[in-house]
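Novice: Data file model.cif (mmCIF, C-alpha atoms) is appended below.
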data_upload
#
loop_
_atom_site.label_atom_id
_atom_site.label_comp_id
_atom_site.auth_asym_id
_atom_site.auth_seq_id
_atom_site.Cartn_x
_atom_site.Cartn_y
_atom_site.Cartn_z
CA MET A 244 119.96 124.12 115.70
CA ILE A 245 120.76 125.59 119.09
CA VAL A 246 121.02 123.34 122.14
CA THR A 247 121.11 125.07 125.52
CA ALA A 248 121.42 123.52 128.95
CA LYS A 249 120.49 125.48 132.05
CA SER A 250 120.76 124.67 135.72
CA PRO A 251 117.58 124.91 137.87
CA ASP A 252 118.48 128.49 138.88
CA GLY A 253 118.53 129.51 135.23
CA THR A 254 122.31 129.74 134.78
CA GLU A 255 123.47 128.60 131.37
CA ILE A 256 125.76 125.63 131.77
CA GLY A 257 126.26 124.71 128.16
CA LYS A 258 125.41 125.73 124.65
CA ALA A 259 126.09 124.14 121.28
CA GLU A 260 125.07 124.99 117.74
CA ARG A 261 124.83 122.91 114.59
CA HIS A 262 124.55 124.53 111.19
CA TYR A 263 122.94 122.63 108.36
CA HIS A 264 123.45 124.25 104.96
CA PRO A 265 125.45 124.10 101.73
CA GLN A 266 128.70 126.02 101.91
CA ALA A 267 130.44 127.51 98.89
CA THR A 268 133.71 129.26 98.12
CA ASN A 269 134.77 131.17 95.03
CA CYS A 270 137.28 128.40 94.21
CA ARG A 271 140.14 130.92 94.51
CA ASP A 272 140.61 130.92 98.27
CA THR A 273 139.42 128.97 101.28
CA LYS A 274 136.89 131.48 102.59
CA MET A 275 133.24 130.60 102.53
CA LYS A 276 131.31 133.09 100.42
CA TYR A 277 127.93 134.54 100.92
CA GLY A 278 125.82 135.93 98.05
CA ALA A 279 125.24 134.51 94.57
CA GLN A 280 127.67 136.95 92.97
CA TRP A 281 130.58 135.51 95.02
CA LYS A 282 129.79 131.84 95.38
CA VAL A 283 131.13 129.55 92.69
CA ALA A 284 130.71 125.99 93.97
CA ASN A 285 129.80 124.10 97.12
CA LEU A 286 132.68 122.48 98.96
CA ARG A 287 130.69 121.18 101.90
CA ASP A 288 127.02 120.48 102.32
CA THR A 289 125.54 119.82 105.75
CA SER A 290 121.95 120.58 104.70
CA LEU A 291 119.02 118.25 105.42
CA GLN A 292 118.78 115.68 102.65
CA PRO A 293 115.64 113.98 101.33
CA TYR A 294 115.01 110.54 102.86
CA GLN A 295 117.97 110.93 105.21
CA THR A 296 117.98 111.51 108.92
CA LYS A 297 120.34 114.08 110.31
CA ALA A 298 121.50 112.67 113.63
CA ASP A 299 123.62 114.53 116.17
CA THR A 300 124.81 113.91 119.69
CA ILE A 301 125.66 116.78 121.98
CA GLU A 302 127.10 116.26 125.46
CA PHE A 303 127.38 118.65 128.37
CA ASP A 304 129.37 118.07 131.53
CA LEU A 305 127.46 119.31 134.54
CA PRO A 306 129.32 121.66 136.87
CA ALA A 307 130.01 120.50 140.40
CA GLY A 308 126.89 120.44 142.53
CA VAL A 309 124.44 120.62 139.62
CA ARG A 310 122.38 117.44 139.26
CA THR A 311 119.46 118.68 137.19
CA ALA A 312 119.48 120.51 133.90
CA GLU A 313 116.84 121.89 131.60
CA VAL A 314 117.81 121.18 127.99
CA THR A 315 116.24 123.14 125.18
CA VAL A 316 116.68 122.33 121.50
CA ASP A 317 115.65 125.15 119.17
CA LEU A 318 115.45 124.42 115.48
CA VAL A 319 115.47 127.65 113.52
CA TYR A 320 115.55 128.44 109.81
CA GLN A 321 117.58 131.45 108.79
CA ALA A 322 117.11 133.03 105.37
CA VAL A 323 119.57 135.48 103.84
CA ASN A 324 121.03 136.50 107.20
CA PRO A 325 120.99 135.17 110.77
CA ASP A 326 118.84 138.07 111.95
CA ASN A 327 116.05 136.85 109.70
CA SER A 328 114.96 133.73 111.57
CA TYR A 329 111.94 131.48 111.34
CA PRO A 330 111.45 129.29 114.42
CA ILE A 331 110.56 125.68 113.53
CA HIS A 332 110.57 123.60 116.70
CA SER A 333 111.50 124.09 120.32
CA VAL A 334 111.74 121.07 122.62
CA THR A 335 112.58 121.31 126.32
CA ASN A 336 113.45 118.31 128.48
CA THR A 337 114.41 118.24 132.13
CA VAL A 338 117.26 115.86 132.82
CA THR A 339 118.20 114.81 136.30
CA LEU A 340 120.75 112.51 137.84
CA ASP A 341 118.54 111.90 140.85
CA ARG A 342 116.12 109.05 140.66
CA MET B 208 108.79 129.00 39.77
CA LYS B 209 110.12 126.11 41.77
CA SER B 210 112.41 128.33 43.81
CA LEU B 211 109.54 130.73 44.48
CA LYS B 212 107.47 127.87 45.81
CA LEU B 213 110.33 126.81 48.00
CA LEU B 214 110.68 130.34 49.24
CA LEU B 215 107.00 130.49 50.03
CA VAL B 216 107.10 127.21 51.86
CA LEU B 217 110.13 128.33 53.77
CA PHE B 218 108.35 131.49 54.77
CA LEU B 219 105.32 129.63 55.94
CA VAL B 220 107.38 127.31 58.03
CA VAL B 221 109.79 129.81 59.44
CA LEU B 222 107.42 132.63 60.30
CA PRO B 223 105.38 131.09 63.06
CA PHE B 224 108.52 129.86 64.74
CA ALA B 225 110.27 133.16 64.61
CA ALA B 226 107.33 134.98 66.12
CA GLY B 227 107.97 133.87 69.69
CA ALA B 228 107.25 136.25 72.54
CA GLY B 229 109.23 139.35 71.73
CA GLN B 230 111.73 137.24 69.82
CA THR B 231 111.85 139.05 66.49
CA GLU B 232 110.06 142.12 67.68
CA LYS B 233 111.59 145.37 68.68
CA LYS B 234 113.29 145.03 72.01
CA ALA B 235 112.27 147.09 75.02
CA LYS B 236 114.33 150.24 75.57
CA THR B 237 112.96 151.13 78.97
CA ILE B 238 111.79 149.26 82.06
CA ASP B 239 108.24 150.39 81.33
CA GLU B 240 108.39 148.99 77.80
CA LEU B 241 109.67 145.65 79.12
CA VAL B 242 106.95 145.59 81.78
CA GLU B 243 104.34 146.35 79.11
CA MET B 244 105.57 143.49 76.87
CA TYR B 245 105.10 140.92 79.63
CA ASP B 246 102.22 142.65 81.38
CA SER B 247 99.86 140.11 82.92
CA SER B 248 97.58 142.45 84.84
CA GLY B 249 94.77 141.61 82.40
CA CYS B 250 94.74 137.98 83.56
CA LYS B 251 93.40 139.22 86.90
CA ASP B 252 89.97 139.91 85.43
CA CYS B 253 89.25 136.25 84.83
CA HIS B 254 91.81 134.36 86.91
CA ALA B 255 91.44 136.48 90.06
CA GLU B 256 92.28 133.78 92.59
CA ILE B 257 95.44 132.64 90.82
CA TYR B 258 96.46 136.25 90.33
CA THR B 259 96.13 137.04 94.05
CA GLN B 260 98.14 133.95 94.90
CA TRP B 261 100.85 134.86 92.41
CA GLU B 262 101.09 138.39 93.84
CA LYS B 263 102.10 136.86 97.18
CA SER B 264 104.78 134.70 95.59
CA HIS B 265 108.49 135.29 95.25
CA HIS B 266 107.98 135.01 91.48
CA ALA B 267 106.08 138.30 91.63
CA ARG B 268 109.09 140.10 93.16
CA PRO B 269 112.20 138.36 91.86
CA LEU B 270 114.52 141.37 92.17
CA MET B 271 113.36 142.44 95.61
CA GLY B 272 115.20 139.86 97.71
CA VAL B 273 113.76 138.64 100.98
CA LYS B 274 111.84 141.44 102.74
CA GLY B 275 112.66 144.08 100.16
CA GLY B 276 116.47 143.80 100.34
CA LEU B 277 117.01 144.83 96.65
CA MET B 278 119.65 142.16 96.32
CA LEU B 279 120.93 143.33 92.94
CA THR B 280 122.29 146.55 94.44
CA PRO B 281 125.93 145.34 94.61
CA LEU B 282 125.76 144.46 90.92
CA ALA B 283 125.04 148.10 90.14
CA THR B 284 127.69 149.43 92.51
CA LYS B 285 131.17 150.08 91.17
CA GLY B 286 133.74 147.61 92.47
CA ALA B 287 131.25 145.76 94.67
CA THR B 288 131.22 142.61 92.52
CA ALA B 289 133.09 141.25 89.51
CA PHE B 290 129.99 141.98 87.44
CA SER B 291 129.40 145.60 88.44
CA PRO B 292 129.89 148.32 85.81
CA ASP B 293 132.23 151.23 86.55
CA ASP B 294 129.36 153.57 85.99
CA PRO B 295 125.64 152.71 86.06
CA GLN B 296 125.31 154.71 82.80
CA ARG B 297 127.40 152.07 81.08
CA ALA B 298 125.57 149.02 82.45
CA THR B 299 124.61 146.33 79.96
CA ILE B 300 122.49 143.19 80.21
CA LYS B 301 125.76 141.29 80.75
CA ASN B 302 126.32 143.10 84.04
CA PHE B 303 123.28 141.22 85.37
CA PRO B 304 123.89 137.49 84.82
CA CYS B 305 121.17 137.02 87.46
CA PHE B 306 118.57 137.73 84.74
CA LYS B 307 119.03 134.14 83.55
CA CYS B 308 116.60 133.07 86.27
CA HIS B 309 115.43 136.19 88.10
CA LEU B 310 114.19 137.98 84.97
CA PRO B 311 114.52 135.76 81.88
CA GLN B 312 112.41 138.12 79.77
CA ALA B 313 115.24 140.67 79.95
CA LEU B 314 117.48 138.27 78.02
CA ILE B 315 114.82 137.76 75.37
CA SER B 316 113.40 141.22 75.02
CA ALA B 317 115.49 144.00 76.60
CA GLU B 318 118.05 146.42 75.16
CA ASP B 319 121.08 147.37 77.24
CA SER B 320 119.33 150.65 78.05
CA VAL B 321 117.04 148.65 80.37
CA ALA B 322 120.14 147.56 82.30
CA VAL B 323 121.23 151.20 82.58
CA GLU B 324 117.83 152.21 83.91
CA LEU B 325 117.85 149.32 86.40
CA ALA B 326 121.39 150.08 87.57
CA GLN B 327 120.40 153.70 88.17
CA ALA B 328 117.25 152.64 90.03
CA LEU B 329 119.32 150.31 92.23
CA VAL B 330 121.87 152.99 93.05
CA ALA B 331 118.99 155.33 93.92
CA GLN B 332 117.29 152.47 95.89
CA ASP B 333 114.14 153.13 93.89
CA ALA B 334 112.23 150.06 95.11
CA THR B 335 109.03 151.03 93.32
CA LYS B 336 110.76 150.86 89.96
CA VAL B 337 112.65 147.63 90.69
CA ALA B 338 109.41 146.02 91.92
CA LYS B 339 107.84 146.46 88.47
CA LEU B 340 110.10 143.73 87.13
CA ARG B 341 108.40 140.41 87.81
CA ILE B 342 108.21 136.83 86.63
CA THR B 343 104.74 137.36 85.25
CA CYS B 344 102.12 134.86 84.12
CA THR B 345 103.32 135.06 80.52
CA VAL B 346 106.97 134.41 81.44
CA CYS B 347 105.95 130.97 82.71
CA HIS B 348 102.91 130.33 80.48
CA ASN B 349 104.66 131.45 77.29
CA ALA B 350 108.40 132.26 77.37
CA ARG B 351 109.44 129.32 79.59
CA ALA B 352 106.76 126.84 78.50
CA ILE B 353 108.77 125.19 75.70
CA ILE B 354 112.28 123.76 76.04
CA HIS B 355 112.36 121.31 73.11
CA LYS B 356 112.80 124.20 70.70
CA ARG B 357 114.40 122.17 67.92
CA GLU B 358 111.38 119.90 67.82
CA LEU B 359 108.61 122.22 68.94
CA GLY B 360 109.88 125.68 67.98
CA GLU B 361 109.83 128.87 70.02
CA PRO B 362 106.77 129.72 72.12
CA GLU B 363 104.25 131.32 69.79
CA LYS B 364 103.05 134.86 70.07
CA GLY B 365 99.48 135.22 71.26
CA VAL B 366 99.45 131.68 72.67
CA LEU B 367 99.46 130.65 76.31
CA TYR B 368 100.62 127.22 77.34
CA SER B 369 98.85 125.13 79.93
CA SER B 370 99.74 121.90 81.66
CA LYS B 371 96.36 120.49 80.71
CA LYS B 372 94.79 121.03 77.34
CA ASP B 373 94.42 123.00 74.12
CA ILE B 374 91.76 125.70 74.14
CA ASP B 375 90.99 127.09 70.69
CA ALA B 376 89.22 130.22 71.86
CA HIS B 377 90.77 131.72 74.96
CA PRO B 378 88.85 134.93 75.79
CA ASP B 379 91.94 137.12 76.47
CA LYS B 380 92.47 139.97 73.95
CA THR B 381 96.16 139.27 73.29
CA PHE B 382 96.40 135.58 74.05
CA THR B 383 93.61 134.06 72.02
CA LYS B 384 94.70 130.44 72.23
CA VAL B 385 95.91 127.98 74.82
CA LYS B 386 98.09 125.03 73.87
CA LYS B 387 99.28 122.15 75.95
CA SER B 388 102.88 122.49 77.05
CA ALA B 389 104.97 119.34 77.09
CA ILE B 390 106.76 120.29 80.31
CA MET B 391 104.57 122.39 82.60
CA LYS B 392 103.69 119.34 84.65
CA ASN B 393 107.34 118.26 84.91
CA ALA B 394 110.01 119.19 87.42
CA ILE B 395 112.28 120.36 84.61
CA PHE B 396 109.92 123.26 83.99
CA CYS B 397 110.90 124.66 87.41
CA GLY B 398 114.43 123.33 86.96
CA GLN B 399 115.01 125.91 84.21
CA CYS B 400 115.47 128.49 86.97
CA HIS B 401 115.99 126.52 90.17
CA GLY B 402 119.59 125.73 89.46
CA LEU B 403 121.85 122.76 88.87
CA GLY B 404 125.03 124.14 90.45
CA PRO B 405 127.64 126.64 89.26
CA ASN B 406 126.53 128.65 86.22
CA LEU B 407 129.59 127.83 84.14
CA GLU B 408 128.49 129.40 80.89
CA PHE B 409 129.41 132.90 82.07
CA ASP B 410 132.88 134.40 81.72
CA GLN B 411 132.95 134.46 85.52
CA PRO B 412 131.02 131.55 87.00
CA PHE B 413 128.84 131.94 90.07
CA GLN B 414 126.23 129.96 91.92
CA CYS B 415 122.80 130.86 93.22
CA ALA B 416 120.01 128.30 93.55
CA ASN B 417 121.14 124.69 93.04
CA LEU B 418 118.00 123.03 94.30
CA TYR B 419 117.12 121.32 91.03
CA GLY B 420 120.53 119.64 91.15
CA SER B 421 119.68 118.36 94.62
CA TYR B 422 116.29 117.11 93.36
CA LEU B 423 117.95 115.26 90.47
CA HIS B 424 120.90 113.84 92.37
CA SER B 425 119.52 113.18 95.86
CA TYR B 426 115.75 112.87 95.70
CA ILE B 427 115.42 110.91 92.46
CA PRO B 428 118.20 108.40 93.32
CA ALA B 429 116.55 107.84 96.72
CA GLY B 430 113.39 106.76 94.91
CA GLY B 431 111.42 110.01 95.08
CA THR B 432 108.75 110.32 92.40
CA HIS B 433 106.91 113.59 93.06
CA THR B 434 107.30 116.63 90.84
CA CYS B 435 107.84 120.14 92.20
CA GLN B 436 104.28 120.96 91.14
CA GLU B 437 102.79 118.02 93.07
CA CYS B 438 104.34 119.27 96.32
CA HIS B 439 104.32 123.04 95.77
CA MET B 440 101.24 123.69 93.60
CA LYS B 441 98.55 121.53 95.15
CA LYS B 442 95.20 122.47 93.58
CA GLY B 443 97.08 124.82 91.25
CA ASP B 444 98.19 127.10 94.10
CA HIS B 445 100.33 129.91 92.62
CA VAL B 446 101.69 131.19 95.95
CA ILE B 447 104.17 128.35 95.45
CA ALA B 448 105.18 128.63 99.12
CA PRO B 449 107.34 129.27 101.06
CA ASN B 450 106.85 133.00 101.01
CA PHE B 451 109.72 134.21 103.19
CA ASN B 452 108.02 137.56 103.72
CA ASP B 453 105.26 135.75 105.65
CA ASP B 454 107.01 134.67 108.85
CA LYS B 455 104.10 132.86 110.42
CA GLN B 456 103.22 130.77 107.38
CA THR B 457 106.87 129.96 106.68
CA SER B 458 107.38 128.71 110.24
CA GLU B 459 104.22 126.59 110.00
CA LEU B 460 105.21 125.03 106.69
CA LEU B 461 108.70 124.28 107.93
CA ALA B 462 107.28 122.76 111.12
CA GLN B 463 105.10 120.45 109.01
CA ALA B 464 107.95 119.51 106.73
CA ILE B 465 110.72 119.03 109.26
CA SER B 466 110.50 116.74 112.23
CA LEU B 467 112.75 116.97 115.25
CA ASP B 468 113.19 114.12 117.69
CA VAL B 469 115.02 114.89 120.93
CA GLN B 470 116.19 112.23 123.40
CA THR B 471 117.97 113.25 126.58
CA LEU B 472 119.87 111.28 129.15
CA GLY B 473 121.55 112.18 132.43
CA TYR B 474 124.12 109.89 133.97
CA GLU B 475 127.50 109.81 135.64
CA TRP B 476 130.24 108.71 133.34
CA LEU B 477 133.14 106.81 134.85
CA ARG B 478 136.29 108.32 133.42
CA LYS B 479 138.62 106.36 135.67
CA ALA B 480 138.34 104.76 139.08
CA LYS B 481 136.18 106.94 141.37
CA ASP B 482 136.26 109.86 138.86
CA TYR B 483 132.64 110.39 137.87
CA THR B 484 131.70 113.06 135.35
CA PRO B 485 128.02 114.05 135.52
CA LYS B 486 126.80 114.37 131.96
CA VAL B 487 123.81 115.33 129.93
CA VAL B 488 123.54 113.69 126.53
CA VAL B 489 121.23 115.14 123.90
CA ASN B 490 120.49 113.02 120.84
CA THR B 491 118.72 114.79 118.00
CA LYS B 492 117.26 113.40 114.81
CA ILE B 493 115.96 115.62 112.07
CA THR B 494 114.10 114.48 108.96
CA THR B 495 112.31 116.35 106.18
CA THR B 496 109.60 115.56 103.68
CA ALA B 497 111.05 117.82 100.99
CA GLY B 498 112.17 116.62 97.57
CA HIS B 499 115.58 118.28 97.81
CA ARG B 500 117.99 119.71 100.34
CA ILE B 501 116.72 122.15 102.96
CA PRO B 502 117.92 124.84 102.96
CA ASP B 503 119.18 125.58 99.48
CA GLY B 504 121.69 128.27 98.64
#
Before anything else, please render the file you have as structure tokens.
Specialist:
Amino acid sequence: MIVTAKSPDGTEIGKAERHYHPQATNCRDTKMKYGAQWKVANLRDTSLQPYQTKADTIEFDLPAGVRTAEVTVDLVYQAVNPDNSYPIHSVTNTVTLDR
Amino acid sequence: MKSLKLLLVLFLVVLPFAAGAGQTEKKAKTIDELVEMYDSSGCKDCHAEIYTQWEKSHHARPLMGVKGGLMLTPLATKGATAFSPDDPQRATIKNFPCFKCHLPQALISAEDSVAVELAQALVAQDATKVAKLRITCTVCHNARAIIHKRELGEPEKGVLYSSKKDIDAHPDKTFTKVKKSAIMKNAIFCGQCHGLGPNLEFDQPFQCANLYGSYLHSYIPAGGTHTCQECHMKKGDHVIAPNFNDDKQTSELLAQAISLDVQTLGYEWLRKAKDYTPKVVVNTKITTTAGHRIPDG
């Protein structure tokens, strides 16, 4: 999941990513491994679980003078490597401090 | 006389069990012989729709990786993995522990020479040859259709197993009978290959799919009751999606299965007297309808 905030002129003012997936090492060192031949067991699992909601809160501080931001949340599935992406959802909200 | 009778009885009982697919037969020496033994192209004549669906499935290209990546290449490359042989000429079945799930028929019916030929094909990046090795109709409908082997014996030669019913006269030339499998409707049928966690039975453990573990330990405890087949094979669909080579369909299926709720808020946070920090807060909630973790592996 990639969350991007942009000011009205299009300048990026904040970006955050969340990665949801099982993570394995070879149980000999502390490096995460990639590829079945290297992975031995999961040590952390942030993947989406059945019947559970994955909730996150992301905050951006707005730079001085910026009172409106366009926030886009892109949910993307990546298989095998990050270059191989399948877009799932993209939601854009405009947030303003002026009312 | 008595002992002869006993011998005869023994023969009668033992024979049909021993004659499982390729079990007691000569093993395949070449990739082509292995392909021939599990060839399912004949099924196309009468089960055309299922066959076309299967051809689009990952089961029809289990050694090709996503988008033709030939993922077994490191296993054939000296020093690239703990399993790789020093020389492709000396490869054995044991150099490819991945066969357990990606090509189970190799464990049942292939000589080490098949591993040599595969290792050479991988080094040469001969995708056409690697693509011949598939989880065919008979791998699922015969070789993997029985797990209670002590009670039910090995899958019989010339018999296909169905999730539904016995058919005494099945019109195929080789497979003249259909019998009901005890497990083809159950999740454990798929669980045979979809992984519990680390594969600890090897002299060097490793982990690929562990989705069946997630199904058993997350979905079932949460009260889930569907089988893999009920979600993935509606109306007998053998594409068994997702098909990661079809970007558009994969995105659509994921969009149906995963919901994303986004709430945003802008306000000025009071850090200390007169010190306002303008903030944007983004709250996200993601849920899925799957019967296991997403993603797996």
Novice: Just say which residues the PyMOL selection byres ((chain A and resi 336) around 7) picks in this file, as a list of chain:residue names.
Specialist: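 Applied to this file, the PyMOL selection byres ((chain A and resi 336) around 7) returns A:Glu313, A:Val314, A:Thr315, A:Val334, A:Thr335, A:Thr337, A:Val338.
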Novice: Name the residues that the PyMOL selection byres ((chain A) within 7 of (chain B)) pulls out of this structure, and write them as a PyMOL selection string.
Specialist: chain A and resi 264-265+279-284+290-305+329-332+338-340
Novice: May I have the residues from that selection written out with C-alpha atoms, as an mmCIF file, keeping the file's coordinate frame?
Specialist:
data_model
loop_
_atom_site.group_PDB
_atom_site.id
_atom_site.type_symbol
_atom_site.label_atom_id
_atom_site.label_comp_id
_atom_site.auth_asym_id
_atom_site.auth_seq_id
_atom_site.Cartn_x
_atom_site.Cartn_y
_atom_site.Cartn_z
ATOM 1 C CA HIS A 264 123.450 124.250 104.960
ATOM 2 C CA PRO A 265 125.450 124.100 101.730
ATOM 3 C CA ALA A 279 125.240 134.510 94.570
ATOM 4 C CA GLN A 280 127.670 136.950 92.970
ATOM 5 C CA TRP A 281 130.580 135.510 95.020
ATOM 6 C CA LYS A 282 129.790 131.840 95.380
ATOM 7 C CA VAL A 283 131.130 129.550 92.690
ATOM 8 C CA ALA A 284 130.710 125.990 93.970
ATOM 9 C CA SER A 290 121.950 120.580 104.700
ATOM 10 C CA LEU A 291 119.020 118.250 105.420
ATOM 11 C CA GLN A 292 118.780 115.680 102.650
ATOM 12 C CA PRO A 293 115.640 113.980 101.330
ATOM 13 C CA TYR A 294 115.010 110.540 102.860
ATOM 14 C CA GLN A 295 117.970 110.930 105.210
ATOM 15 C CA THR A 296 117.980 111.510 108.920
ATOM 16 C CA LYS A 297 120.340 114.080 110.310
ATOM 17 C CA ALA A 298 121.500 112.670 113.630
ATOM 18 C CA ASP A 299 123.620 114.530 116.170
ATOM 19 C CA THR A 300 124.810 113.910 119.690
ATOM 20 C CA ILE A 301 125.660 116.780 121.980
ATOM 21 C CA GLU A 302 127.100 116.260 125.460
ATOM 22 C CA PHE A 303 127.380 118.650 128.370
ATOM 23 C CA ASP A 304 129.370 118.070 131.530
ATOM 24 C CA LEU A 305 127.460 119.310 134.540
ATOM 25 C CA TYR A 329 111.940 131.480 111.340
ATOM 26 C CA PRO A 330 111.450 129.290 114.420
ATOM 27 C CA ILE A 331 110.560 125.680 113.530
ATOM 28 C CA HIS A 332 110.570 123.600 116.700
ATOM 29 C CA VAL A 338 117.260 115.860 132.820
ATOM 30 C CA THR A 339 118.200 114.810 136.300
ATOM 31 C CA LEU A 340 120.750 112.510 137.840
#
Novice: Show which residues sit within 12 Å of range 250-256 of chain B, as a ChimeraX atom specification. Count only C-alpha atoms, and ignore same-chain residues fewer than 3 positions away.
Specialist: /B:245-247,259-263,343-345,348,367,377-382,442-446
Novice: Just give me the gap between CA of Val321 in chain B and CA of Arg357 in chain B in Å, one decimal is fine.
Specialist: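 CA of Arg357 in chain B lies 29.4 Å from CA of Val321 in chain B.
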Novice: On this file, the PyMOL selection byres ((chain A and resi 286) around 8) gives some set of residues; write that set as an MDAnalysis selection string.
Specialist: chainID A and resid 265:268 284:285 287:288
Novice: CA of Thr383 in chain B and CA of Lys364 in chain B are how many Å apart?
Specialist: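 If I compute the distance from CA of Thr383 in chain B to CA of Lys364 in chain B, I get 9.7 Å.
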Novice: From the set A:Ser333, A:Arg342, A:Pro306, A:Gly253, which residue has the shortest atom-to-atom contact distance to Val319 in chain A, counting only C-alpha atoms?
Specialist: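 Closest candidate: A:Ser333.
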Novice: Considering all atoms listed in the file, return as a short mmCIF file (atom, residue, chain, number, x, y, z; two decimals) with C-alpha atoms, in the coordinates of the input whatever protein or nucleic-acid residues lie within 8 Å of Ala338 in chain B, sequence-local ones (same chain, fewer than 6 positions apart) excluded.
Specialist:
data_model
loop_
_atom_site.label_atom_id
_atom_site.label_comp_id
_atom_site.auth_asym_id
_atom_site.auth_seq_id
_atom_site.Cartn_x
_atom_site.Cartn_y
_atom_site.Cartn_z
CA ARG B 268 109.09 140.10 93.16
CA LEU B 270 114.52 141.37 92.17
CA MET B 271 113.36 142.44 95.61
#
Novice: Please determine, counting all atoms listed in the file, which residue among B:Val337, B:Leu477, B:Ile390, B:Ile395 has the shortest atom-to-atom distance to Val242 in chain B.
Specialist: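 With all atoms listed in the file as the atom set, the closest residue is B:Val337.
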Novice: Quote the spacing between CA of Arg261 in chain A and CA of Ile245 in chain A in Å to one decimal place.
Specialist: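 Spanning CA of Arg261 in chain A to CA of Ile245 in chain A is a straight-line distance of 6.6 Å.
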Novice: Could N, CA, C and O atoms be built for range 312-324 of chain A and written out as a PDB file, in the frame of the given file?
Specialist:
ATOM      1  N   ALA A 312     119.317 119.487 134.935  1.00  0.00           N
ATOM      2  CA  ALA A 312     119.480 120.510 133.900  1.00  0.00           C
ATOM      3  C   ALA A 312     118.243 120.544 133.014  1.00  0.00           C
ATOM      4  O   ALA A 312     117.576 119.526 132.793  1.00  0.00           O
ATOM      5  N   GLU A 313     117.937 121.735 132.547  1.00  0.00           N
ATOM      6  CA  GLU A 313     116.840 121.890 131.600  1.00  0.00           C
ATOM      7  C   GLU A 313     117.478 122.077 130.221  1.00  0.00           C
ATOM      8  O   GLU A 313     118.242 123.019 130.012  1.00  0.00           O
ATOM      9  N   VAL A 314     117.191 121.141 129.320  1.00  0.00           N
ATOM     10  CA  VAL A 314     117.810 121.180 127.990  1.00  0.00           C
ATOM     11  C   VAL A 314     116.785 121.642 126.969  1.00  0.00           C
ATOM     12  O   VAL A 314     115.688 121.091 126.895  1.00  0.00           O
ATOM     13  N   THR A 315     117.142 122.660 126.212  1.00  0.00           N
ATOM     14  CA  THR A 315     116.240 123.140 125.180  1.00  0.00           C
ATOM     15  C   THR A 315     116.908 123.020 123.811  1.00  0.00           C
ATOM     16  O   THR A 315     118.048 123.442 123.641  1.00  0.00           O
ATOM     17  N   VAL A 316     116.180 122.418 122.872  1.00  0.00           N
ATOM     18  CA  VAL A 316     116.680 122.330 121.500  1.00  0.00           C
ATOM     19  C   VAL A 316     115.786 123.229 120.637  1.00  0.00           C
ATOM     20  O   VAL A 316     114.579 123.017 120.554  1.00  0.00           O
ATOM     21  N   ASP A 317     116.398 124.249 120.049  1.00  0.00           N
ATOM     22  CA  ASP A 317     115.650 125.150 119.170  1.00  0.00           C
ATOM     23  C   ASP A 317     116.089 124.896 117.735  1.00  0.00           C
ATOM     24  O   ASP A 317     117.274 125.008 117.421  1.00  0.00           O
ATOM     25  N   LEU A 318     115.134 124.589 116.898  1.00  0.00           N
ATOM     26  CA  LEU A 318     115.450 124.420 115.480  1.00  0.00           C
ATOM     27  C   LEU A 318     114.905 125.656 114.772  1.00  0.00           C
ATOM     28  O   LEU A 318     113.719 125.976 114.860  1.00  0.00           O
ATOM     29  N   VAL A 319     115.803 126.351 114.104  1.00  0.00           N
ATOM     30  CA  VAL A 319     115.470 127.650 113.520  1.00  0.00           C
ATOM     31  C   VAL A 319     115.954 127.690 112.078  1.00  0.00           C
ATOM     32  O   VAL A 319     117.031 127.191 111.773  1.00  0.00           O
ATOM     33  N   TYR A 320     115.144 128.265 111.206  1.00  0.00           N
ATOM     34  CA  TYR A 320     115.550 128.440 109.810  1.00  0.00           C
ATOM     35  C   TYR A 320     115.972 129.888 109.636  1.00  0.00           C
ATOM     36  O   TYR A 320     115.287 130.804 110.073  1.00  0.00           O
ATOM     37  N   GLN A 321     117.130 130.077 109.026  1.00  0.00           N
ATOM     38  CA  GLN A 321     117.580 131.450 108.790  1.00  0.00           C
ATOM     39  C   GLN A 321     117.701 131.681 107.284  1.00  0.00           C
ATOM     40  O   GLN A 321     118.361 130.923 106.594  1.00  0.00           O
ATOM     41  N   ALA A 322     117.045 132.735 106.799  1.00  0.00           N
ATOM     42  CA  ALA A 322     117.110 133.030 105.370  1.00  0.00           C
ATOM     43  C   ALA A 322     117.834 134.339 105.157  1.00  0.00           C
ATOM     44  O   ALA A 322     117.526 135.339 105.808  1.00  0.00           O
ATOM     45  N   VAL A 323     118.793 134.319 104.257  1.00  0.00           N
ATOM     46  CA  VAL A 323     119.570 135.480 103.840  1.00  0.00           C
ATOM     47  C   VAL A 323     120.542 135.959 104.921  1.00  0.00           C
ATOM     48  O   VAL A 323     121.722 136.089 104.679  1.00  0.00           O
ATOM     49  N   ASN A 324     120.061 136.213 106.147  1.00  0.00           N
ATOM     50  CA  ASN A 324     121.030 136.500 107.200  1.00  0.00           C
ATOM     51  C   ASN A 324     120.481 136.031 108.546  1.00  0.00           C
ATOM     52  O   ASN A 324     119.282 135.863 108.717  1.00  0.00           O
TER      53      ASN A 324
END
